[in-house]
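Visitor: Dropping in protein_20.cif, which is mmCIF, C-alpha atoms:
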data_start
#
loop_
_atom_site.label_atom_id
_atom_site.label_comp_id
_atom_site.auth_asym_id
_atom_site.auth_seq_id
_atom_site.Cartn_x
_atom_site.Cartn_y
_atom_site.Cartn_z
CA MET W 17 70.41 91.33 132.18
CA GLN W 18 69.11 89.51 135.21
CA ILE W 19 65.40 89.31 134.35
CA LEU W 20 66.22 87.90 130.91
CA GLN W 21 68.55 85.23 132.30
CA GLU W 22 65.82 84.23 134.72
CA LYS W 23 63.28 83.93 131.91
CA ILE W 24 65.69 81.81 129.89
CA CYS W 25 66.32 79.49 132.85
CA GLN W 26 62.66 79.27 133.79
CA TYR W 27 61.02 78.98 130.38
CA GLY W 28 63.78 78.02 127.92
CA GLN W 29 63.52 74.47 126.60
CA ILE W 30 66.91 72.85 126.25
CA ILE W 31 66.76 70.85 123.03
CA ASP W 32 70.38 69.68 123.03
CA ASN W 33 73.75 71.10 124.02
CA ARG W 34 73.54 73.73 121.30
CA VAL W 35 69.88 74.68 121.10
CA ILE W 36 67.56 76.43 123.57
CA LYS W 37 64.00 77.06 122.45
CA VAL W 38 62.54 80.28 123.81
CA ASP W 39 59.20 80.16 122.00
CA SER W 40 57.22 80.89 125.14
CA PHE W 41 58.45 84.48 125.47
CA LEU W 42 60.68 85.47 122.53
CA ASN W 43 60.01 83.61 119.28
CA HIS W 44 56.36 82.57 119.10
CA GLN W 45 54.56 83.93 122.14
CA LEU W 46 55.96 87.39 122.83
CA ASP W 47 56.27 88.74 126.37
CA ILE W 48 55.78 92.44 125.67
CA ASP W 49 56.61 93.52 129.25
CA LEU W 50 59.97 91.79 128.91
CA PHE W 51 60.45 93.35 125.47
CA GLN W 52 60.01 96.80 127.02
CA GLU W 53 62.73 96.04 129.55
CA ILE W 54 64.93 94.83 126.70
CA GLY W 55 64.26 98.02 124.74
CA LYS W 56 65.15 100.20 127.72
CA GLU W 57 68.34 98.21 128.29
CA PHE W 58 69.42 98.67 124.66
CA LYS W 59 68.73 102.41 124.98
CA GLN W 60 70.87 102.51 128.10
CA ARG W 61 73.74 100.64 126.47
CA PHE W 62 73.74 102.77 123.31
CA LYS W 63 72.79 106.05 124.97
CA ASN W 64 75.89 107.85 123.69
CA LYS W 65 75.34 106.87 120.08
CA LYS W 66 73.50 108.92 117.49
CA ILE W 67 71.07 106.51 115.84
CA THR W 68 68.67 107.30 112.99
CA LYS W 69 67.33 103.85 112.17
CA ILE W 70 67.02 100.35 113.53
CA LEU W 71 67.67 97.57 111.04
CA THR W 72 66.56 94.00 111.71
CA ILE W 73 65.65 90.84 109.85
CA GLU W 74 62.40 89.01 109.20
CA SER W 75 60.70 87.73 111.16
CA SER W 76 61.81 87.09 114.73
CA GLY W 77 63.78 90.33 114.93
CA ILE W 78 60.80 92.53 114.10
CA ALA W 79 59.06 92.44 117.48
CA ILE W 80 62.20 93.27 119.48
CA ALA W 81 63.22 95.97 117.01
CA CYS W 82 59.81 97.70 117.13
CA ILE W 83 59.53 97.83 120.90
CA THR W 84 63.16 98.98 121.14
CA ALA W 85 62.68 101.69 118.48
CA GLN W 86 60.24 103.49 120.78
CA TYR W 87 63.08 104.30 123.19
CA PHE W 88 65.23 105.71 120.38
CA SER W 89 62.37 107.48 118.55
CA VAL W 90 63.49 106.12 115.19
CA PRO W 91 61.84 104.00 112.49
CA VAL W 92 62.56 100.32 111.93
CA VAL W 93 63.50 98.74 108.62
CA PHE W 94 63.42 94.99 108.39
CA ALA W 95 65.31 92.98 105.78
CA LYS W 96 62.98 90.62 103.96
CA LYS W 97 63.90 86.99 103.44
CA HIS W 98 63.49 85.51 100.00
CA GLU W 99 64.28 82.12 98.65
CA ALA W 100 64.08 83.38 95.08
CA GLU W 101 67.42 83.83 93.40
CA ASN W 102 66.57 86.62 91.00
CA LEU W 103 68.42 89.87 91.23
CA ASP W 104 66.43 92.93 92.15
CA LEU W 105 68.07 96.18 91.12
CA HIS W 106 66.04 98.23 93.55
CA THR W 107 67.30 96.44 96.65
CA TYR W 108 70.44 95.96 98.64
CA GLN W 109 70.87 92.27 99.26
CA ALA W 110 73.05 89.67 100.93
CA ASP W 111 73.17 85.90 101.11
CA VAL W 112 72.69 84.41 104.54
CA TYR W 113 73.32 80.80 105.41
CA SER W 114 70.89 79.22 107.83
CA PHE W 115 72.46 76.45 109.91
CA THR W 116 69.01 75.49 111.18
CA LYS W 117 67.58 75.02 107.69
CA ASN W 118 70.87 74.08 106.07
CA LYS W 119 70.48 76.45 103.14
CA PHE W 120 71.19 79.93 101.86
CA TYR W 121 68.52 82.56 101.55
CA LYS W 122 68.62 86.13 100.34
CA VAL W 123 67.87 89.09 102.57
CA ARG W 124 66.87 92.33 100.96
CA VAL W 125 66.21 95.95 101.81
CA ALA W 126 64.67 98.36 99.32
CA LYS W 127 67.19 101.07 98.47
CA GLU W 128 64.79 103.86 99.34
CA TYR W 129 64.73 102.90 103.04
CA LEU W 130 68.45 102.93 103.81
CA HIS W 131 70.75 105.86 103.02
CA SER W 132 74.35 106.95 103.35
CA GLU W 133 73.35 109.46 106.06
CA ASP W 134 71.82 106.74 108.23
CA LYS W 135 73.39 105.74 111.55
CA VAL W 136 72.12 102.24 112.04
CA LEU W 137 71.61 100.07 115.09
CA LEU W 138 71.28 96.39 114.16
CA ILE W 139 68.90 94.42 116.38
CA ASP W 140 68.29 90.68 116.37
CA ASP W 141 67.00 88.03 118.74
CA PHE W 142 69.95 85.63 118.51
CA LEU W 143 73.64 85.82 117.69
CA ALA W 144 74.92 82.32 116.96
CA HIS W 145 77.26 81.91 113.98
CA GLY W 146 76.86 85.55 113.00
CA GLN W 147 75.31 84.89 109.60
CA ALA W 148 72.27 87.14 109.92
CA VAL W 149 74.19 90.06 111.42
CA ASN W 150 76.83 89.76 108.70
CA GLY W 151 74.05 89.88 106.11
CA LEU W 152 72.75 93.11 107.66
CA LEU W 153 76.28 94.55 107.82
CA GLU W 154 76.69 93.86 104.11
CA ILE W 155 73.40 95.55 103.30
CA ALA W 156 74.31 98.60 105.38
CA GLU W 157 77.68 98.76 103.64
CA GLN W 158 76.03 98.67 100.21
CA ALA W 159 73.86 101.60 101.29
CA GLY W 160 76.90 103.47 102.61
CA ALA W 161 75.14 103.67 105.98
CA GLU W 162 77.17 103.60 109.19
CA VAL W 163 76.46 100.75 111.58
CA VAL W 164 77.02 102.15 115.06
CA GLY W 165 76.20 99.06 117.08
CA VAL W 166 74.63 95.63 117.32
CA GLY W 167 72.03 94.75 119.96
CA ILE W 168 71.35 91.07 120.55
CA VAL W 169 68.94 89.50 123.01
CA ILE W 170 70.64 86.09 123.38
CA GLU W 171 74.18 85.37 122.23
CA LYS W 172 75.35 81.79 122.00
CA GLY W 173 78.92 82.50 123.04
CA PHE W 174 80.10 79.00 122.17
CA GLN W 175 79.20 79.46 118.50
CA LYS W 176 81.66 82.32 118.06
CA GLY W 177 79.45 84.59 115.94
CA ARG W 178 80.94 87.63 117.66
CA THR W 179 84.42 86.87 116.36
CA ARG W 180 83.12 86.29 112.84
CA LEU W 181 81.45 89.64 112.32
CA LYS W 182 82.81 91.43 109.29
CA LYS W 183 83.19 94.79 110.99
CA PRO W 184 85.81 94.65 113.73
CA GLY W 185 85.65 97.09 116.61
CA LEU W 186 81.87 97.33 116.50
CA GLN W 187 80.01 97.78 119.81
CA ILE W 188 78.09 94.55 120.30
CA GLU W 189 75.72 94.37 123.24
CA SER W 190 74.19 90.99 124.06
CA LEU W 191 71.72 91.02 126.95
CA ALA W 192 72.37 87.37 127.81
CA ILE W 193 75.41 85.39 126.74
CA VAL W 194 75.13 81.62 126.96
CA GLU W 195 78.59 80.18 127.45
CA ALA W 196 77.54 76.54 127.43
CA ILE W 197 74.63 74.16 127.82
CA LYS W 198 75.76 71.24 129.95
CA ASP W 199 73.86 68.43 131.67
CA GLY W 200 70.57 70.25 131.21
CA GLN W 201 71.99 73.43 132.71
CA ILE W 202 72.44 76.78 131.00
CA ILE W 203 75.73 78.47 131.91
CA PHE W 204 75.84 82.23 131.35
CA LYS W 205 78.95 84.28 130.87
CA MET L 277 41.60 107.36 111.47
CA GLN L 278 42.63 110.65 109.93
CA ILE L 279 46.41 110.44 110.39
CA LEU L 280 46.46 106.97 108.83
CA GLN L 281 44.42 108.05 105.80
CA GLU L 282 46.80 110.95 105.32
CA LYS L 283 49.82 108.62 105.44
CA ILE L 284 48.20 106.31 102.91
CA CYS L 285 47.47 109.21 100.54
CA GLN L 286 50.89 110.77 100.98
CA TYR L 287 53.12 107.69 100.95
CA GLY L 288 51.06 104.83 99.51
CA GLN L 289 52.14 103.73 96.05
CA ILE L 290 49.20 102.88 93.85
CA ILE L 291 50.27 99.82 91.87
CA ASP L 292 46.97 99.24 90.09
CA ASN L 293 43.27 99.59 90.89
CA ARG L 294 43.49 96.82 93.48
CA VAL L 295 46.93 97.22 95.08
CA ILE L 296 48.43 99.97 97.24
CA LYS L 297 51.98 99.46 98.47
CA VAL L 298 52.60 100.92 101.91
CA ASP L 299 56.17 99.73 102.37
CA SER L 300 57.41 103.14 103.46
CA PHE L 301 55.52 103.10 106.78
CA LEU L 302 53.72 99.78 107.33
CA ASN L 303 55.28 96.78 105.60
CA HIS L 304 59.03 97.28 105.21
CA GLN L 305 59.99 100.51 106.90
CA LEU L 306 57.92 100.82 110.07
CA ASP L 307 56.77 104.20 111.37
CA ILE L 308 56.72 103.45 115.09
CA ASP L 309 55.08 106.78 116.04
CA LEU L 310 52.19 105.94 113.74
CA PHE L 311 52.07 102.40 115.16
CA GLN L 312 51.64 103.87 118.64
CA GLU L 313 48.67 105.93 117.44
CA ILE L 314 47.26 102.78 115.82
CA GLY L 315 47.71 100.85 119.07
CA LYS L 316 45.93 103.54 121.08
CA GLU L 317 43.08 103.63 118.58
CA PHE L 318 42.60 99.85 118.80
CA LYS L 319 42.58 100.14 122.59
CA GLN L 320 39.91 102.84 122.36
CA ARG L 321 37.75 100.82 119.98
CA PHE L 322 37.96 97.62 122.04
CA LYS L 323 38.01 99.29 125.45
CA ASN L 324 34.92 97.43 126.69
CA LYS L 325 36.26 94.00 125.78
CA LYS L 326 38.14 91.68 128.09
CA ILE L 327 41.21 90.57 126.14
CA THR L 328 43.91 88.15 127.32
CA LYS L 329 45.95 87.71 124.16
CA ILE L 330 46.61 89.26 120.77
CA LEU L 331 46.89 86.81 117.89
CA THR L 332 48.46 87.79 114.59
CA ILE L 333 50.21 86.25 111.63
CA GLU L 334 53.82 86.23 110.40
CA SER L 335 55.34 88.49 109.46
CA SER L 336 53.76 91.85 108.68
CA GLY L 337 51.23 91.59 111.51
CA ILE L 338 53.90 91.18 114.20
CA ALA L 339 54.99 94.81 114.45
CA ILE L 340 51.45 96.22 114.72
CA ALA L 341 50.44 93.51 117.18
CA CYS L 342 53.41 94.14 119.48
CA ILE L 343 53.01 97.89 119.70
CA THR L 344 49.25 97.46 120.19
CA ALA L 345 49.71 94.82 122.90
CA GLN L 346 51.35 97.43 125.12
CA TYR L 347 48.05 99.28 125.45
CA PHE L 348 46.21 96.10 126.42
CA SER L 349 49.00 94.71 128.67
CA VAL L 350 48.73 91.26 127.09
CA PRO L 351 51.19 88.97 125.29
CA VAL L 352 51.21 88.45 121.53
CA VAL L 353 51.17 85.09 119.78
CA PHE L 354 51.92 85.03 116.10
CA ALA L 355 50.91 82.21 113.77
CA LYS L 356 53.88 80.92 111.84
CA LYS L 357 53.72 80.38 108.10
CA HIS L 358 54.97 77.13 106.68
CA GLU L 359 55.02 75.81 103.19
CA ALA L 360 55.61 72.28 104.45
CA GLU L 361 52.58 70.03 104.26
CA ASN L 362 53.37 67.69 107.13
CA LEU L 363 50.99 67.48 110.04
CA ASP L 364 52.26 68.61 113.41
CA LEU L 365 50.26 67.19 116.30
CA HIS L 366 51.46 69.85 118.70
CA THR L 367 49.99 72.74 116.74
CA TYR L 368 46.68 74.19 115.71
CA GLN L 369 46.79 74.87 112.01
CA ALA L 370 44.84 76.23 109.09
CA ASP L 371 45.32 76.54 105.35
CA VAL L 372 45.45 80.06 104.01
CA TYR L 373 45.30 80.95 100.35
CA SER L 374 47.51 83.81 99.24
CA PHE L 375 46.10 85.70 96.24
CA THR L 376 49.40 87.57 95.93
CA LYS L 377 51.47 84.40 95.69
CA ASN L 378 48.72 82.28 94.17
CA LYS L 379 49.22 79.36 96.53
CA PHE L 380 48.16 77.85 99.82
CA TYR L 381 50.34 77.90 102.90
CA LYS L 382 49.83 76.56 106.39
CA VAL L 383 49.65 78.77 109.45
CA ARG L 384 50.35 77.22 112.81
CA VAL L 385 50.22 78.04 116.49
CA ALA L 386 51.73 75.74 119.11
CA LYS L 387 48.98 74.37 121.33
CA GLU L 388 50.66 75.53 124.51
CA TYR L 389 50.23 79.22 123.61
CA LEU L 390 46.49 79.34 122.99
CA HIS L 391 43.91 78.04 125.45
CA SER L 392 40.17 77.71 125.88
CA GLU L 393 40.22 80.44 128.55
CA ASP L 394 41.78 82.95 126.17
CA LYS L 395 39.85 85.98 124.95
CA VAL L 396 41.60 86.83 121.74
CA LEU L 397 41.92 90.01 119.70
CA LEU L 398 43.04 89.30 116.13
CA ILE L 399 45.30 91.97 114.63
CA ASP L 400 46.53 92.21 111.06
CA ASP L 401 47.84 94.86 108.70
CA PHE L 402 45.42 94.22 105.82
CA LEU L 403 41.96 92.77 105.35
CA ALA L 404 41.46 91.97 101.68
CA HIS L 405 39.78 88.66 100.83
CA GLY L 406 39.73 87.61 104.48
CA GLN L 407 41.94 84.56 104.06
CA ALA L 408 44.45 85.31 106.82
CA VAL L 409 41.81 86.34 109.37
CA ASN L 410 39.78 83.23 108.58
CA GLY L 411 42.91 81.15 109.18
CA LEU L 412 43.34 82.78 112.59
CA LEU L 413 39.65 82.28 113.38
CA GLU L 414 40.02 78.57 112.59
CA ILE L 415 43.06 78.29 114.83
CA ALA L 416 41.29 80.04 117.70
CA GLU L 417 38.29 77.74 117.24
CA GLN L 418 40.53 74.66 117.41
CA ALA L 419 41.93 75.97 120.70
CA GLY L 420 38.44 76.68 122.01
CA ALA L 421 39.51 80.30 122.55
CA GLU L 422 36.99 83.08 122.14
CA VAL L 423 37.73 85.70 119.49
CA VAL L 424 36.34 88.96 120.80
CA GLY L 425 37.30 91.22 117.92
CA VAL L 426 39.38 91.86 114.83
CA GLY L 427 41.58 94.93 114.44
CA ILE L 428 42.76 95.78 110.94
CA VAL L 429 44.94 98.67 109.83
CA ILE L 430 43.82 98.88 106.19
CA GLU L 431 40.72 97.18 104.85
CA LYS L 432 40.24 96.88 101.13
CA GLY L 433 36.49 97.26 101.21
CA PHE L 434 36.10 96.36 97.55
CA GLN L 435 37.53 92.88 98.13
CA LYS L 436 34.73 91.91 100.50
CA GLY L 437 36.84 90.10 103.11
CA ARG L 438 34.58 91.43 105.85
CA THR L 439 31.57 89.57 104.47
CA ARG L 440 33.54 86.36 104.10
CA LEU L 441 34.68 86.01 107.70
CA LYS L 442 33.59 82.71 109.17
CA LYS L 443 32.34 84.18 112.44
CA PRO L 444 29.33 86.42 111.87
CA GLY L 445 28.56 89.20 114.33
CA LEU L 446 32.20 89.74 115.24
CA GLN L 447 33.36 93.29 116.01
CA ILE L 448 35.68 94.23 113.16
CA GLU L 449 37.50 97.54 113.43
CA SER L 450 39.42 98.75 110.40
CA LEU L 451 41.28 102.01 110.88
CA ALA L 452 41.14 102.88 107.19
CA ILE L 453 38.73 101.39 104.69
CA VAL L 454 39.61 101.82 101.04
CA GLU L 455 36.41 101.74 99.02
CA ALA L 456 38.06 102.05 95.62
CA ILE L 457 41.23 103.03 93.79
CA LYS L 458 40.24 105.06 90.72
CA ASP L 459 42.28 107.19 88.30
CA GLY L 460 45.24 107.22 90.68
CA GLN L 461 43.03 108.33 93.59
CA ILE L 462 42.32 106.42 96.78
CA ILE L 463 38.70 106.71 97.87
CA PHE L 464 38.05 105.98 101.54
CA LYS L 465 34.76 104.89 103.01
#
Will you turn the file into structure tokens for me?
Guide:
Amino acid sequence: MQILQEKICQYGQIIDNRVIKVDSFLNHQLDIDLFQEIGKEFKQRFKNKKITKILTIESSGIAIACITAQYFSVPVVFAKKHEAENLDLHTYQADVYSFTKNKFYKVRVAKEYLHSEDKVLLIDDFLAHGQAVNGLLEIAEQAGAEVVGVGIVIEKGFQKGRTRLKKPGLQIESLAIVEAIKDGQIIFK
Amino acid sequence: MQILQEKICQYGQIIDNRVIKVDSFLNHQLDIDLFQEIGKEFKQRFKNKKITKILTIESSGIAIACITAQYFSVPVVFAKKHEAENLDLHTYQADVYSFTKNKFYKVRVAKEYLHSEDKVLLIDDFLAHGQAVNGLLEIAEQAGAEVVGVGIVIEKGFQKGRTRLKKPGLQIESLAIVEAIKDGQIIFK
């Protein structure tokens, strides 16, 4: 997606050869015009799929998921992050490892908001090691819901998350795939 | 706002005489059609104000703020919540007390995303004791930005947050004001 790649090049802050900070339009300040283009692009890429719900994860996925949901006319459910370790019988839950924070946290969805009839599109801002998406896949599996696709804004191709997803054969659409960050340059696939 | 009051009555779970859970459409599962109506209503109520940015707080304000921002054609900035106590020189920050969690947390906005020229609309899902909105008011004040209004989805009128806001004379628009919860009934103002 050309406009997204341009934004990343223009406004992304390269922290090191693995990390680009996109706080100015995606993770802290939110460029809603861009989000609408992203939503339309996801709709285009999944136009042949029947989708009843968008599932995302707190908190940076929420904004993208909500704007996107308008083009699919479906509700959003977001998995909540908890550090607490207690089991909650009324939720589906999965453990997700954060490489950034170097710890596990739980993600949870109340059972009443995800059902076996649901056809779910997973949406998230980043795909890096695949931890968050795998957490959402686990939750969907517990609910018996069918995941019909994964929509990602920025995929860090060099961190291989795509190959680590627990559901092979899934349609994964990343709007920008960063192959490498080298000498202060971002190389897209 | 009639449609919102109806949703609250139909789907809100009354936990006790102070707490209504609206996870099925506002805080966990997100009813995007309703959010669009909410966004339009905020636009209508603040139509005479010049607004350059919507400021909200992680994470339940993000969804409402993003959908609303479309009707104002402005970006969203959301204050991030941190439990860490360390000072960050590159951010504006405020301490917010959570009655639900019975502790203080810090909310922060990077200095580069809020400026003295900004005319800010604050958006949040709930107004209860006014802690979160006061945190956002403090942050805006630090940036020298002008807060031109506050848009709230559900105000708990009996918790007096409105009277505790640190900026008197501010236009505060709550789309539903709960006056009391009595005998399993929600009484709106």
Visitor: Using all atoms listed in the file, determine which residues of chain L fall within 9 Å of chain W; present them as a ChimeraX atom specification.
Guide: /L:300-301,303-309,312,334-336,338-343,345-346,349-356,385-386,388-389
Visitor: With a distance cut-off of 12 Å and all atoms listed in the file, select the neighbouring residues of region 169-177 of chain W, excluding the residue or stretch itself and same-chain residues fewer than 6 positions from it, and output the selection as number ranges by chain.
Guide: W: 17, 19-21, 23-24, 28, 33-38, 41-43, 50-51, 53-55, 57-58, 76-77, 79-81, 84, 115, 138-150, 183, 188-198, 202-205
Visitor: Measure the distance from CA of Val123 (chain W) to CA of Lys97 (chain W) in Å and round it to one decimal.
Guide: 4.6 Å
Visitor: For the atom pair CA of Thr332 (chain L) and CA of Ile168 (chain W), what is the interatomic distance in Å to one decimal place?
Guide: 23.9 Å
Visitor: For the provided coordinates, the residues matched by the PyMOL selection byres ((chain L and resi 396) around 8) should be stated as a list of chain:residue names.
Guide: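 Evaluating the PyMOL selection byres ((chain L and resi 396) around 8) on this file yields L:Ile327, L:Thr328, L:Lys329, L:Ile330, L:Leu331, L:Asp394, L:Lys395, L:Leu397, L:Leu398, L:Ala416, L:Ala421, L:Glu422, L:Val423, L:Val424, L:Gly425.
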Visitor: With only C-alpha atoms as the basis for distance, which of W:Ile30, W:Tyr87, W:Gln158, W:Val112 is at the shortest distance from Arg61 (chain W)?
Guide: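 Closest residue, counting only C-alpha atoms: W:Tyr87.
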Visitor: Starting from 4 Å padding per side, set up an axis-aligned box that covers all listed atoms of region 405-412 of chain L and hand over centre and edge lengths in Å, one decimal, as JSON.
Guide:
{"center_x": 42.1, "center_y": 84.9, "center_z": 106.7, "size_x": 12.7, "size_y": 15.5, "size_z": 19.8}
Visitor: Please, what distance in Å, to one decimal, runs between CA of Gly420 (chain L) and CA of Lys382 (chain L)?
Guide: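 Computing the Euclidean distance for CA of Gly420 (chain L) and CA of Lys382 (chain L) yields 19.3 Å.
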